[in-house]
Structure formats: structure tokens, C-alpha cells
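Peer 1: Handing over structure08.csv, CSV, C-alpha atoms and all ligand atoms.
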chain,number,residue,atom,x,y,z
A,1389,MET,CA,-30.3,-15.3,6.1
A,1390,GLU,CA,-27.6,-17.0,8.0
A,1391,GLY,CA,-24.0,-15.9,7.7
A,1392,LEU,CA,-21.0,-18.2,7.6
A,1393,GLY,CA,-17.9,-16.5,9.0
A,1394,CYS,CA,-14.6,-17.1,7.4
A,1395,ARG,CA,-11.2,-15.6,7.8
A,1396,LEU,CA,-9.1,-14.7,4.8
A,1397,ARG,CA,-5.3,-14.4,5.3
A,1398,SER,CA,-3.5,-11.6,3.5
A,1399,PRO,CA,0.3,-11.4,4.2
A,1400,SER,CA,-0.1,-10.6,7.9
A,1401,THR,CA,-3.7,-9.4,8.3
A,1402,PHE,CA,-6.9,-11.4,8.8
A,1403,HIS,CA,-10.1,-10.0,7.3
A,1404,THR,CA,-13.4,-11.4,8.5
A,1405,LEU,CA,-15.9,-12.0,5.8
A,1406,VAL,CA,-19.5,-13.2,6.0
A,1407,ILE,CA,-20.6,-15.5,3.2
A,1408,ARG,CA,-24.3,-15.6,2.5
A,1409,GLN,CA,-26.3,-17.9,0.3
A,1410,GLN,CA,-27.1,-16.0,-2.9
A,1411,ARG,CA,-30.8,-15.9,-3.7
A,1412,HIS,CA,-30.5,-14.3,-7.1
A,1413,PRO,CA,-27.3,-15.4,-8.9
A,1414,GLU,CA,-28.1,-13.2,-11.9
A,1415,ARG,CA,-27.9,-10.1,-9.6
A,1416,THR,CA,-24.4,-10.8,-8.4
A,1417,PRO,CA,-22.6,-7.5,-8.5
A,1418,ALA,CA,-19.6,-7.6,-10.8
A,1419,SER,CA,-16.2,-7.8,-9.2
A,1420,ARG,CA,-14.7,-4.3,-9.3
A,1421,ALA,CA,-11.1,-5.5,-9.5
A,1422,PRO,CA,-9.0,-8.7,-9.6
A,1423,HIS,CA,-7.5,-8.0,-6.3
A,1424,ALA,CA,-10.1,-5.7,-4.7
A,1425,PRO,CA,-13.6,-6.8,-5.1
A,1426,ARG,CA,-15.8,-4.4,-3.2
A,1427,HIS,CA,-18.5,-7.0,-3.7
A,1428,PRO,CA,-16.5,-10.1,-4.1
A,1429,ARG,CA,-17.8,-13.4,-5.4
A,1430,GLY,CA,-17.5,-16.5,-3.3
A,1431,ALA,CA,-17.9,-20.1,-4.4
A,1432,ALA,CA,-20.5,-20.9,-7.1
A,1433,GLY,CA,-23.9,-19.9,-6.0
A,1434,MET,CA,-22.6,-17.8,-3.1
A,1435,THR,CA,-22.1,-14.1,-2.7
A,1436,VAL,CA,-19.6,-12.9,-0.2
A,1437,THR,CA,-21.2,-10.0,1.7
A,1438,SER,CA,-18.3,-8.6,3.5
A,1439,THR,CA,-18.1,-7.0,6.8
A,1440,LEU,CA,-14.6,-5.9,5.8
A,1441,THR,CA,-13.7,-6.1,2.1
A,1442,ARG,CA,-10.3,-4.4,2.2
A,1443,PRO,CA,-8.1,-5.1,-0.9
A,1444,HIS,CA,-5.5,-7.8,-0.6
A,1445,LEU,CA,-2.3,-6.3,0.6
A,1446,ASP,CA,1.0,-7.6,-0.8
A,1447,LEU,CA,3.9,-5.4,0.3
A,1448,SER,CA,6.6,-7.4,-1.6
A,1449,LEU,CA,7.4,-4.7,-4.2
A,1450,TYR,CA,5.8,-1.3,-3.4
A,1451,LEU,CA,6.3,1.4,-6.0
A,1452,VAL,CA,6.2,4.9,-4.6
A,1453,THR,CA,6.1,7.3,-7.5
A,1454,ILE,CA,8.6,10.1,-8.1
A,1455,SER,CA,7.5,13.6,-7.1
A,1456,LEU,CA,8.6,15.8,-10.0
A,1457,ASP,CA,9.1,19.6,-9.8
A,1458,GLU,CA,7.6,19.9,-13.2
A,1459,ARG,CA,4.5,17.8,-13.7
A,1460,ASP,CA,4.8,14.9,-16.1
A,1461,ASP,CA,1.7,12.8,-15.5
A,1462,ASP,CA,2.2,10.8,-18.7
A,1463,ARG,CA,5.6,9.6,-17.4
A,1464,ILE,CA,4.1,8.7,-14.0
A,1465,VAL,CA,1.3,6.7,-15.6
A,1466,ALA,CA,3.7,4.9,-17.9
A,1467,THR,CA,6.1,4.1,-15.1
A,1468,CYS,CA,3.2,2.6,-13.0
A,1469,GLN,CA,2.1,0.6,-15.9
A,1470,ALA,CA,5.6,-0.7,-16.6
A,1471,ALA,CA,6.2,-1.4,-12.9
A,1472,VAL,CA,3.0,-3.5,-12.7
A,1473,GLU,CA,4.1,-5.4,-15.8
A,1474,GLY,CA,7.3,-6.1,-14.1
A,1475,GLY,CA,5.6,-7.4,-11.0
A,1476,ALA,CA,5.1,-4.4,-8.6
A,1477,THR,CA,2.5,-5.5,-6.0
A,1478,LEU,CA,1.3,-2.1,-4.8
A,1479,ILE,CA,1.5,1.5,-5.9
A,1480,GLN,CA,1.6,4.8,-4.0
A,1481,LEU,CA,1.0,8.0,-5.9
A,1482,ARG,CA,3.4,10.4,-4.1
A,1483,ASP,CA,3.1,13.9,-5.6
A,1484,LYS,CA,4.3,16.6,-3.1
A,1485,HIS,CA,3.5,19.5,-5.4
A,1486,ALA,CA,0.0,18.7,-6.6
A,1487,THR,CA,-3.4,20.0,-5.6
A,1488,THR,CA,-6.1,17.5,-4.5
A,1489,GLU,CA,-7.7,17.8,-7.9
A,1490,GLN,CA,-4.5,17.1,-9.7
A,1491,ARG,CA,-3.7,14.1,-7.4
A,1492,SER,CA,-7.1,12.6,-7.8
A,1493,ALA,CA,-7.0,13.0,-11.6
A,1494,LEU,CA,-3.6,11.4,-11.8
A,1495,ALA,CA,-4.6,8.6,-9.4
A,1496,ARG,CA,-7.6,7.9,-11.6
A,1497,ARG,CA,-5.4,7.8,-14.7
A,1498,ILE,CA,-3.1,5.3,-12.9
A,1499,ILE,CA,-6.0,3.1,-11.8
A,1500,ASP,CA,-7.5,3.1,-15.3
A,1501,ALA,CA,-4.1,2.3,-16.9
A,1502,ILE,CA,-3.3,-0.7,-14.7
A,1503,GLY,CA,-7.0,-1.9,-14.6
A,1504,ARG,CA,-6.9,-2.2,-10.8
A,1505,ALA,CA,-4.3,-5.0,-11.2
A,1506,VAL,CA,-2.8,-3.9,-7.9
A,1507,PRO,CA,-4.0,-1.4,-5.3
A,1508,VAL,CA,-3.2,2.3,-5.7
A,1509,LEU,CA,-2.8,4.4,-2.6
A,1510,VAL,CA,-2.5,8.2,-2.5
A,1511,ASN,CA,0.2,9.7,-0.3
A,1512,ASP,CA,-0.9,12.5,2.2
A,1513,ASP,CA,-4.3,13.2,0.6
A,1514,ILE,CA,-7.3,11.3,1.9
A,1515,ASN,CA,-9.7,13.4,-0.2
A,1516,ALA,CA,-7.8,12.7,-3.4
A,1517,ALA,CA,-7.9,9.0,-2.6
A,1518,ILE,CA,-11.6,9.0,-2.1
A,1519,ALA,CA,-12.3,11.2,-5.1
A,1520,ALA,CA,-10.3,8.9,-7.3
A,1521,ASP,CA,-11.9,5.8,-5.8
A,1522,ALA,CA,-8.4,4.6,-5.0
A,1523,GLU,CA,-7.8,1.6,-2.9
A,1524,GLY,CA,-6.3,3.6,0.0
A,1525,ALA,CA,-4.0,6.2,1.3
A,1526,HIS,CA,-0.6,6.5,3.0
A,1527,ILE,CA,-0.2,9.1,5.8
A,1528,GLY,CA,2.8,10.5,7.8
A,1529,GLN,CA,3.1,11.3,11.4
A,1530,ASP,CA,2.3,15.0,10.8
A,1531,ASP,CA,-0.8,14.3,8.8
A,1532,LEU,CA,-4.3,13.8,10.3
A,1533,PRO,CA,-4.6,11.1,13.0
A,1534,PRO,CA,-4.9,7.6,11.7
A,1535,THR,CA,-8.3,7.1,13.3
A,1536,VAL,CA,-9.6,10.2,11.5
A,1537,ALA,CA,-8.1,9.0,8.2
A,1538,ARG,CA,-9.7,5.6,8.8
A,1539,GLN,CA,-13.1,7.2,9.5
A,1540,ARG,CA,-12.9,9.2,6.3
A,1541,LEU,CA,-11.6,6.3,4.2
A,1542,GLY,CA,-14.2,3.9,5.5
A,1543,PRO,CA,-13.6,0.2,6.3
A,1544,ASP,CA,-12.9,-0.9,2.7
A,1545,ARG,CA,-9.7,1.0,1.9
A,1546,LEU,CA,-6.1,0.4,2.9
A,1547,LEU,CA,-4.3,2.8,5.2
A,1548,GLY,CA,-0.5,3.0,5.8
A,1549,LEU,CA,1.5,5.1,8.2
A,1550,SER,CA,5.1,6.1,8.2
A,1551,VAL,CA,7.2,5.1,11.2
A,1552,HIS,CA,10.8,6.3,11.9
A,1553,ASN,CA,11.4,5.3,15.5
A,1554,ASP,CA,10.2,3.5,18.6
A,1555,ALA,CA,7.9,6.3,19.8
A,1556,GLU,CA,6.2,6.4,16.4
A,1557,LEU,CA,5.9,2.7,16.4
A,1558,ASP,CA,4.3,2.9,19.9
A,1559,TYR,CA,1.8,5.3,18.4
A,1560,ALA,CA,1.1,3.0,15.5
A,1561,LEU,CA,0.6,0.1,17.8
A,1562,ALA,CA,-1.8,2.1,20.0
A,1563,GLN,CA,-4.2,2.6,17.1
A,1564,PRO,CA,-7.5,0.7,17.4
A,1565,ALA,CA,-7.6,-2.6,15.6
A,1566,GLY,CA,-8.4,-2.3,11.9
A,1567,THR,CA,-7.2,1.3,11.7
A,1568,LEU,CA,-3.8,0.6,10.0
A,1569,ASP,CA,-3.0,-2.1,7.4
A,1570,TYR,CA,0.8,-1.6,7.4
A,1571,ILE,CA,3.6,0.8,8.4
A,1572,GLY,CA,6.4,2.1,6.3
A,1573,LEU,CA,9.8,1.9,8.1
A,1574,GLY,CA,12.6,4.2,7.0
A,1575,ALA,CA,14.7,5.6,5.7
A,1576,VAL,CA,16.7,2.5,5.9
A,1577,TYR,CA,19.6,3.9,3.9
A,1578,PRO,CA,20.6,7.4,2.8
A,1579,THR,CA,18.4,8.6,-0.1
A,1580,GLN,CA,18.3,11.6,-2.4
A,1581,THR,CA,14.6,11.4,-2.7
A,1582,LYS,CA,13.7,12.9,0.7
A,1583,GLU,CA,15.5,14.5,3.6
A,1584,VAL,CA,15.0,12.0,6.4
A,1585,LYS,CA,16.9,10.4,9.2
A,1586,VAL,CA,18.5,7.1,8.4
A,1587,LEU,CA,17.6,4.0,10.5
A,1588,GLY,CA,20.2,1.6,9.2
A,1589,ILE,CA,19.7,-2.1,8.8
A,1590,ASP,CA,19.7,-2.7,12.6
A,1591,GLY,CA,17.2,0.0,13.2
A,1592,LEU,CA,14.9,-1.6,10.6
A,1593,ARG,CA,15.5,-5.0,12.1
A,1594,HIS,CA,14.5,-3.8,15.5
A,1595,LEU,CA,11.3,-1.9,14.4
A,1596,ALA,CA,10.2,-4.7,12.0
A,1597,ALA,CA,10.5,-7.3,14.7
A,1598,ARG,CA,8.5,-5.2,17.1
A,1599,ALA,CA,5.8,-4.5,14.5
A,1600,HIS,CA,5.6,-8.2,13.6
A,1601,ALA,CA,5.4,-9.2,17.2
A,1602,HIS,CA,2.1,-7.2,17.3
A,1603,GLY,CA,0.9,-8.6,13.9
A,1604,LEU,CA,1.4,-5.3,12.1
A,1605,PRO,CA,2.8,-5.7,8.5
A,1606,CYS,CA,5.7,-3.4,7.6
A,1607,VAL,CA,7.6,-2.3,4.5
A,1608,ALA,CA,11.1,-1.0,4.3
A,1609,ILE,CA,11.8,2.3,2.5
A,1610,GLY,CA,14.7,4.6,1.7
A,1611,GLY,CA,17.7,4.1,-0.5
A,1612,ILE,CA,16.7,0.6,-1.4
A,1613,GLY,CA,18.2,-1.0,-4.6
A,1614,GLY,CA,18.9,-4.6,-5.7
A,1615,GLU,CA,22.2,-4.9,-3.9
A,1616,ARG,CA,20.6,-4.2,-0.6
A,1617,LEU,CA,17.8,-6.7,-0.8
A,1618,SER,CA,19.7,-9.6,0.7
A,1619,ASP,CA,20.3,-7.6,3.9
A,1620,ILE,CA,16.7,-6.4,4.1
A,1621,ALA,CA,15.6,-9.9,3.7
A,1622,THR,CA,17.3,-10.8,7.0
A,1623,THR,CA,14.9,-8.6,8.8
A,1624,GLU,CA,11.1,-9.1,9.3
A,1625,ALA,CA,10.1,-6.5,6.7
A,1626,ASP,CA,7.3,-7.8,4.5
A,1627,GLY,CA,8.6,-6.0,1.5
A,1628,ILE,CA,10.4,-3.1,0.0
A,1629,ALA,CA,9.1,0.3,-1.1
A,1630,VAL,CA,11.2,2.1,-3.8
A,1631,VAL,CA,11.1,5.3,-5.7
A,1632,SER,CA,14.4,5.7,-7.6
A,1633,ALA,CA,15.1,2.0,-8.1
A,1634,ILE,CA,12.1,1.9,-10.5
A,1635,CYS,CA,11.2,5.5,-11.4
A,1636,ALA,CA,14.8,6.6,-12.2
A,1637,GLN,CA,15.6,3.6,-14.3
A,1638,PRO,CA,15.5,3.6,-18.2
A,1639,ASP,CA,13.4,0.4,-18.2
A,1640,PRO,CA,11.1,0.5,-15.1
A,1641,ALA,CA,9.4,-2.8,-16.1
A,1642,ALA,CA,12.8,-4.6,-16.2
A,1643,ALA,CA,13.9,-2.8,-13.0
A,1644,ALA,CA,10.7,-4.0,-11.1
A,1645,LYS,CA,11.1,-7.5,-12.4
A,1646,ALA,CA,14.7,-7.7,-11.3
A,1647,LEU,CA,13.8,-6.3,-7.8
A,1648,LEU,CA,11.0,-8.7,-7.3
A,1649,THR,CA,13.0,-11.7,-8.5
A,1650,ARG,CA,15.9,-10.7,-6.2
A,1651,TRP,CA,13.5,-10.1,-3.2
A,1652,LYS,CA,11.9,-13.6,-3.7
A,1653,GLN,CA,15.3,-15.3,-4.1
A,1654,ALA,CA,16.5,-13.7,-0.9
A,1655,HIS,CA,13.8,-15.5,1.1
B,1701,LIG,C1,5.6,3.2,2.3
B,1701,LIG,C2,6.0,4.6,2.7
B,1701,LIG,N1,6.7,4.7,3.8
B,1701,LIG,C3,7.0,5.9,4.3
B,1701,LIG,C4,6.7,7.1,3.5
B,1701,LIG,C5,7.1,8.4,4.0
B,1701,LIG,O1,5.9,9.2,4.3
B,1701,LIG,P1,6.1,10.6,5.1
B,1701,LIG,O2,7.0,10.4,6.2
B,1701,LIG,O3,4.7,11.1,5.4
B,1701,LIG,O4,6.8,11.5,4.0
B,1701,LIG,P2,6.3,11.9,2.6
B,1701,LIG,O5,6.3,10.6,1.7
B,1701,LIG,O6,4.9,12.4,2.7
B,1701,LIG,O7,7.2,12.9,2.1
B,1701,LIG,C6,6.0,6.9,2.3
B,1701,LIG,N2,5.6,7.9,1.6
B,1701,LIG,N3,5.6,5.6,2.0
B,1702,LIG,C1,9.3,8.8,0.7
B,1702,LIG,C2,10.4,8.3,1.6
B,1702,LIG,N1,10.2,8.1,2.9
B,1702,LIG,C3,11.3,7.7,3.6
B,1702,LIG,S1,12.6,7.5,2.5
B,1702,LIG,C4,11.7,8.0,1.2
B,1702,LIG,C5,12.2,8.1,-0.2
B,1702,LIG,C6,12.6,6.8,-0.8
B,1702,LIG,O1,13.1,7.0,-2.1
B,1702,LIG,P1,14.2,6.1,-2.8
B,1702,LIG,O2,13.6,4.7,-3.0
B,1702,LIG,O3,14.5,6.8,-4.0
B,1702,LIG,O4,15.4,6.1,-1.8
B,1703,MG,MG,3.5,12.2,4.2
Write the structure described by the file as C-alpha cells, please.

Peer 2:
Amino acid sequence: MEGLGCRLRSPSTFHTLVIRQQRHPERTPASRAPHAPRHPRGAAGMTVTSTLTRPHLDLSLYLVTISLDERDDDRIVATCQAAVEGGATLIQLRDKHATTEQRSALARRIIDAIGRAVPVLVNDDINAAIAADAEGAHIGQDDLPPTVARQRLGPDRLLGLSVHNDAELDYALAQPAGTLDYIGLGAVYPTQTKEVKVLGIDGLRHLAARAHAHGLPCVAIGGIGGERLSDIATTEADGIAVVSAICAQPDPAAAAKALLTRWKQAH
């Protein structure tokens, strides 16, 4: 059976797919998600047999969940649901105190609650991401090497890496093609969520420009709220990642909606 190569454009990444004539339309596997078909359907009568079926990545409004000292999984699930209603394009479950079992159970609850409307990534924990059948993982510089994470995640999941400076960006750029889908750049501004060095808007501008010059998508994180979006939009960041600006708000859906609207208007 002959394959027809095509390239799909996600915000900054190309994925190569192979489309094959479908012999048995009735056997077409069901799409597993609106955004992330592991066995996606092509045009009528065609099945897309993918050499790389990674979920579509939209970094515009990336919700990173709050890591609570006292577990409150119901609150995290409700916040994710509300954020997606408000327009969040990507979710990261960030729970610094959980076990792998707790993380995978919570990731599973989030995935079920949002019906795979947007990809869910698990912070720091590849095993939890795989156990939950999440769409991917986000790792830091002190976690396992990106190539090892990619090997464990397989080709069909998303992988992000934190970058705080030029040396870490050099490391990200030195990874083999297809290893990383994006990098998180921060902290851009001071934040109470995590102790981390502040880059400032010019640091973000510099790193985002370098990442983009190499075709690597990036998201800005750290101390980001609505009033800062117009500044961030002057850089080459593909989106914003926020914890408090959604999780600490009385109405997370409205907060997400306002952030996304402002982000789009700033461009
Ligand atoms: C999108 C995004 N960017 C950066 C981070 C920070 O990751 P890391 O430096 O590994 O710190 P922890 O989040 O694990 O405390 C992130 N989580 N997400
Ligand atoms: C996880 C992380 N990494 C760099 S800053 C940060 C926390 C961002 O939280 P907030 O959006 O509340 O400032
Ligand atoms: Mg980490």
C-alpha cells in the first residue's frame, strides 16, 4: 500500500504523517480525542496512519495546576474543567507532593473531566503520565534527560522542558530532533508559587528569540497576569503558562477567558 506524505503545521512544529487508502472503512479506529487522535481519520475513505501522531500543541493559554500542601483533588479537577471552559489550550498537572499513583489517578480524573478537549501533561513524572494515558509530560533540568524521557514516552506524546538561561537553552537545542515539543521560559516575573530566579522581560525576549530562530516553540511562565500580557506579547513567546492567575481566582473559567482574550488582543 502506497503512502502519501503530508506535513501538518501545529503552532511551530511540523509533524509528518503518512496517509494510506483505507481498505475497510468500517474498521476505522475511533478517534481517541478531538485534538489528539492516536489513530486519526483523514479525508473520507482515508485512514491516516501516522508515523508521528503527537497531539496538536497550542501554547496560547497553558494552565499549570496549583500544588497544594493538603490534597484537594476535587478542586484541581474543577479548576481544570473551568479553565478549559474558559479557553485554556493546554493543562499541566503539577503536584509536587504526590506519589506516582496519586498523580496518575488525578491526571486520569482531569482527562475524563475535560473529555480530552485539550492535552494534559504531567509535571516531573513520566511514569504517571504513561499510567494515566496522558498526552505528555513536562520535565525540568534536574529530571531525567530529555532523550530518556522521550524514549519512555514514545513518539506520540508531548514533552516540554524548563529553561532558565542560555546554557539550558543550548542544552534544549542540542537534543535530537523530535525529542522536545516546547520549552517553558521563566520565571519571567517574581512569583510566590515557586522559588526561582527571575528572567525579566528582556531575558524572556532574548531566550524566546533564540528558541524561535531554531524552530523550538516556547511558553512564558512566572508571575504572569493580565496586566503583563501586552509586554509578553512583544516577545516571541508562543503563549503564557499560569498557576495563580487561574487557580487562585474565584472564577477560574472567567479568569481563563479574560487571559485568552487579552493574549489574543495583544497580537
Ligand atoms: C511550562 C512550564 N515551564 C516551567 C516549569 C518549571 O519546571 P521545573 O523547573 O522543573 O520546576 P517544577 O515545576 O517541577 O517545580 C513548569 N512546571 N512548566
Ligand atoms: C512552576 C514555575 N516555574 C517557573 S515560575 C513557576 C510558577 C508560576 O506560577 P504563577 O503563575 O503563580 O506565578
Ligand atoms: Mg520539574

Peer 1: What gap, in Å, lies between atom C1 of ligand LIG 1702 (chain B) and atom CA of Thr1581 of chain A?

Peer 2: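 Interatomic distance here is 6.8 Å.
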
Peer 1: Could you list, as a list in words, all protein and nucleic acid residues with an atom at most 8 Å from ligand LIG 1702 (chain B), counting all atoms listed in the file?

Peer 2: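 Listing the residues within 8 Å of ligand LIG 1702 (chain B) gives Val1452, Ile1454, Arg1482, Ser1550, Gly1572, Leu1573, Gly1574, Ala1575, Val1576, Tyr1577, Pro1578, Thr1579, Gln1580, Thr1581, Lys1582, Glu1583, Val1584, Ile1609, Gly1610, Gly1611, Ile1612, Gly1613, Ala1629, Val1630, Val1631, Ser1632 and Ala1633 of chain A.
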
Peer 1: Please measure the separation of atom N1 of ligand LIG 1701 (chain B) and atom CA of Thr1623 of chain A, giving the value in Å to one decimal.

Peer 2: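 Interatomic distance here is 16.4 Å.
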
Peer 1: Choose the residue, out of A:Leu1604, A:Ala1641, A:Val1536, A:Leu1451, that has the smallest atom-to-atom separation from ligand LIG 1701 (chain B); count all atoms listed in the file.

Peer 2: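 Of all the options, A:Leu1451 lies closest to ligand LIG 1701 (chain B).
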
Peer 1: So how far away is atom CA of Ile1634 of chain A from atom CA of Ala1646 of chain A, in Å?

Peer 2: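 Computing it gives 10.0 Å between the two atoms.
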
Peer 1: For the point (13.6, -9.0, -1.4) in file coordinates, what residues are within 12 Å, counting all atoms listed in the file? Give the answer as an MDAnalysis selection string?

Peer 2: chainID A and resid 1447:1450 1607:1608 1612:1630 1644:1655

Peer 1: A:Gly1475, A:Pro1443, A:Gly1548, A:Gly1591: which is nearest ligand LIG 1701 (chain B), counting all atoms listed in the file?

Peer 2: A:Gly1548

Peer 1: List all protein, DNA and RNA residues that have at least one atom no more than 10 Å from any atom of ligand MG 1703 (chain B), counting all atoms listed in the file, and write them as a list in words.

Peer 2: Arg1482, Asp1483, Lys1484, Val1510, Asn1511, Asp1512, Asp1513, His1526, Ile1527, Gly1528, Gln1529, Asp1530, Asp1531, Leu1549 and Ser1550 of chain A

Peer 1: Put those residues in a file: C-alpha atoms, as a PDB file, in the frame of the given file.

Peer 2:
ATOM      1  CA  ARG A1482       3.400  10.400  -4.100  1.00  0.00           C
ATOM      2  CA  ASP A1483       3.100  13.900  -5.600  1.00  0.00           C
ATOM      3  CA  LYS A1484       4.300  16.600  -3.100  1.00  0.00           C
ATOM      4  CA  VAL A1510      -2.500   8.200  -2.500  1.00  0.00           C
ATOM      5  CA  ASN A1511       0.200   9.700  -0.300  1.00  0.00           C
ATOM      6  CA  ASP A1512      -0.900  12.500   2.200  1.00  0.00           C
ATOM      7  CA  ASP A1513      -4.300  13.200   0.600  1.00  0.00           C
ATOM      8  CA  HIS A1526      -0.600   6.500   3.000  1.00  0.00           C
ATOM      9  CA  ILE A1527      -0.200   9.100   5.800  1.00  0.00           C
ATOM     10  CA  GLY A1528       2.800  10.500   7.800  1.00  0.00           C
ATOM     11  CA  GLN A1529       3.100  11.300  11.400  1.00  0.00           C
ATOM     12  CA  ASP A1530       2.300  15.000  10.800  1.00  0.00           C
ATOM     13  CA  ASP A1531      -0.800  14.300   8.800  1.00  0.00           C
ATOM     14  CA  LEU A1549       1.500   5.100   8.200  1.00  0.00           C
ATOM     15  CA  SER A1550       5.100   6.100   8.200  1.00  0.00           C
TER      16      SER A1550
END

Peer 1: With all atoms listed in the file as the atoms that count, which of A:Ala1565, A:Ala1522, A:Leu1509, A:Ala1643 lies nearest to ligand LIG 1701 (chain B)?

Peer 2: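 Ranking A:Ala1565, A:Ala1522, A:Leu1509, A:Ala1643 by distance to ligand LIG 1701 (chain B), first place goes to A:Leu1509.
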
Peer 1: Could you check which residues have any atom within 12 Å of (-9.2, 8.6, -4.6), counting only C-alpha atoms with coordinates taken straight from the file, and then list them as a PyMOL selection string?

Peer 2: chain A and resi 1480-1481+1488-1499+1507-1526+1540-1541+1545-1546

Peer 1: Out of A:Ala1486, A:Leu1595, A:Cys1606, A:Ala1471, which residue has the shortest atom-to-atom distance to ligand LIG 1701 (chain B) when counting all atoms listed in the file?

Peer 2: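 Checking each of A:Ala1486, A:Leu1595, A:Cys1606, A:Ala1471 against ligand LIG 1701 (chain B), counting all atoms listed in the file, the winner is A:Cys1606.
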
Peer 1: Closest to ligand LIG 1701 (chain B) among A:His1485, A:His1600, A:His1594, A:Arg1538, using all atoms listed in the file?

Peer 2: A:His1485

Peer 1: Which is closest to ligand LIG 1701 (chain B) among A:Cys1635, A:Leu1568, A:Leu1592, A:Ile1479, if we use only C-alpha atoms and all ligand atoms?

Peer 2: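 Among the listed residues, the smallest separation from ligand LIG 1701 (chain B) belongs to A:Ile1479.
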
Peer 1: Given 8 Å of margin on each side, can you work out the centre and size in Å (one decimal) of an axis-aligned box holding every listed atom of segment 1468-1478 of chain A, as JSON?

Peer 2:
{"center_x": 4.3, "center_y": -2.4, "center_z": -10.7, "size_x": 22.0, "size_y": 26.0, "size_z": 27.8}

Peer 1: Can you patch up segment 1566-1573 of chain A, filling it in to all heavy atoms, and show the result as a compact mmCIF listing (two decimals), in the coordinates of the input?

Peer 2:
# COMPACT_ATOMS: atom_id res chain seq x y z
N GLY A 1566 -7.78 -2.56 13.19
CA GLY A 1566 -8.40 -2.30 11.90
C GLY A 1566 -8.16 -0.90 11.38
O GLY A 1566 -8.61 -0.56 10.29
N THR A 1567 -7.44 -0.09 12.14
CA THR A 1567 -7.20 1.30 11.70
C THR A 1567 -6.06 1.25 10.60
O THR A 1567 -6.23 1.80 9.50
CB THR A 1567 -6.71 2.18 12.84
OG1 THR A 1567 -7.72 2.16 13.83
CG2 THR A 1567 -6.48 3.62 12.36
N LEU A 1568 -4.95 0.62 10.92
CA LEU A 1568 -3.80 0.60 10.00
C LEU A 1568 -3.65 -0.78 9.38
O LEU A 1568 -3.82 -1.81 10.06
CB LEU A 1568 -2.51 0.93 10.78
CG LEU A 1568 -2.39 2.35 11.30
CD1 LEU A 1568 -1.17 2.48 12.21
CD2 LEU A 1568 -2.31 3.36 10.15
N ASP A 1569 -3.27 -0.79 8.11
CA ASP A 1569 -3.00 -2.10 7.40
C ASP A 1569 -1.51 -2.38 7.42
O ASP A 1569 -1.13 -3.54 7.32
CB ASP A 1569 -3.51 -2.00 5.99
CG ASP A 1569 -5.02 -1.86 5.98
OD1 ASP A 1569 -5.68 -2.87 6.27
OD2 ASP A 1569 -5.52 -0.76 5.75
N TYR A 1570 -0.69 -1.35 7.46
CA TYR A 1570 0.80 -1.60 7.40
C TYR A 1570 1.45 -0.28 7.87
O TYR A 1570 0.83 0.79 7.95
CB TYR A 1570 1.23 -1.95 6.02
CG TYR A 1570 1.26 -0.77 5.07
CD1 TYR A 1570 2.42 -0.01 4.89
CD2 TYR A 1570 0.12 -0.38 4.37
CE1 TYR A 1570 2.44 1.09 4.04
CE2 TYR A 1570 0.14 0.71 3.52
CZ TYR A 1570 1.30 1.45 3.36
OH TYR A 1570 1.31 2.54 2.54
N ILE A 1571 2.74 -0.41 8.14
CA ILE A 1571 3.60 0.80 8.40
C ILE A 1571 4.75 0.77 7.41
O ILE A 1571 5.22 -0.28 6.98
CB ILE A 1571 4.07 0.87 9.83
CG1 ILE A 1571 4.76 -0.43 10.26
CG2 ILE A 1571 2.93 1.23 10.76
CD1 ILE A 1571 5.47 -0.33 11.59
N GLY A 1572 5.23 1.98 7.07
CA GLY A 1572 6.40 2.10 6.30
C GLY A 1572 7.59 2.48 7.20
O GLY A 1572 7.49 3.45 7.96
N LEU A 1573 8.66 1.69 7.17
CA LEU A 1573 9.80 1.90 8.10
C LEU A 1573 10.99 2.47 7.29
O LEU A 1573 11.49 1.84 6.36
CB LEU A 1573 10.21 0.58 8.73
CG LEU A 1573 9.16 -0.07 9.64
CD1 LEU A 1573 9.66 -1.44 10.12
CD2 LEU A 1573 8.87 0.83 10.84
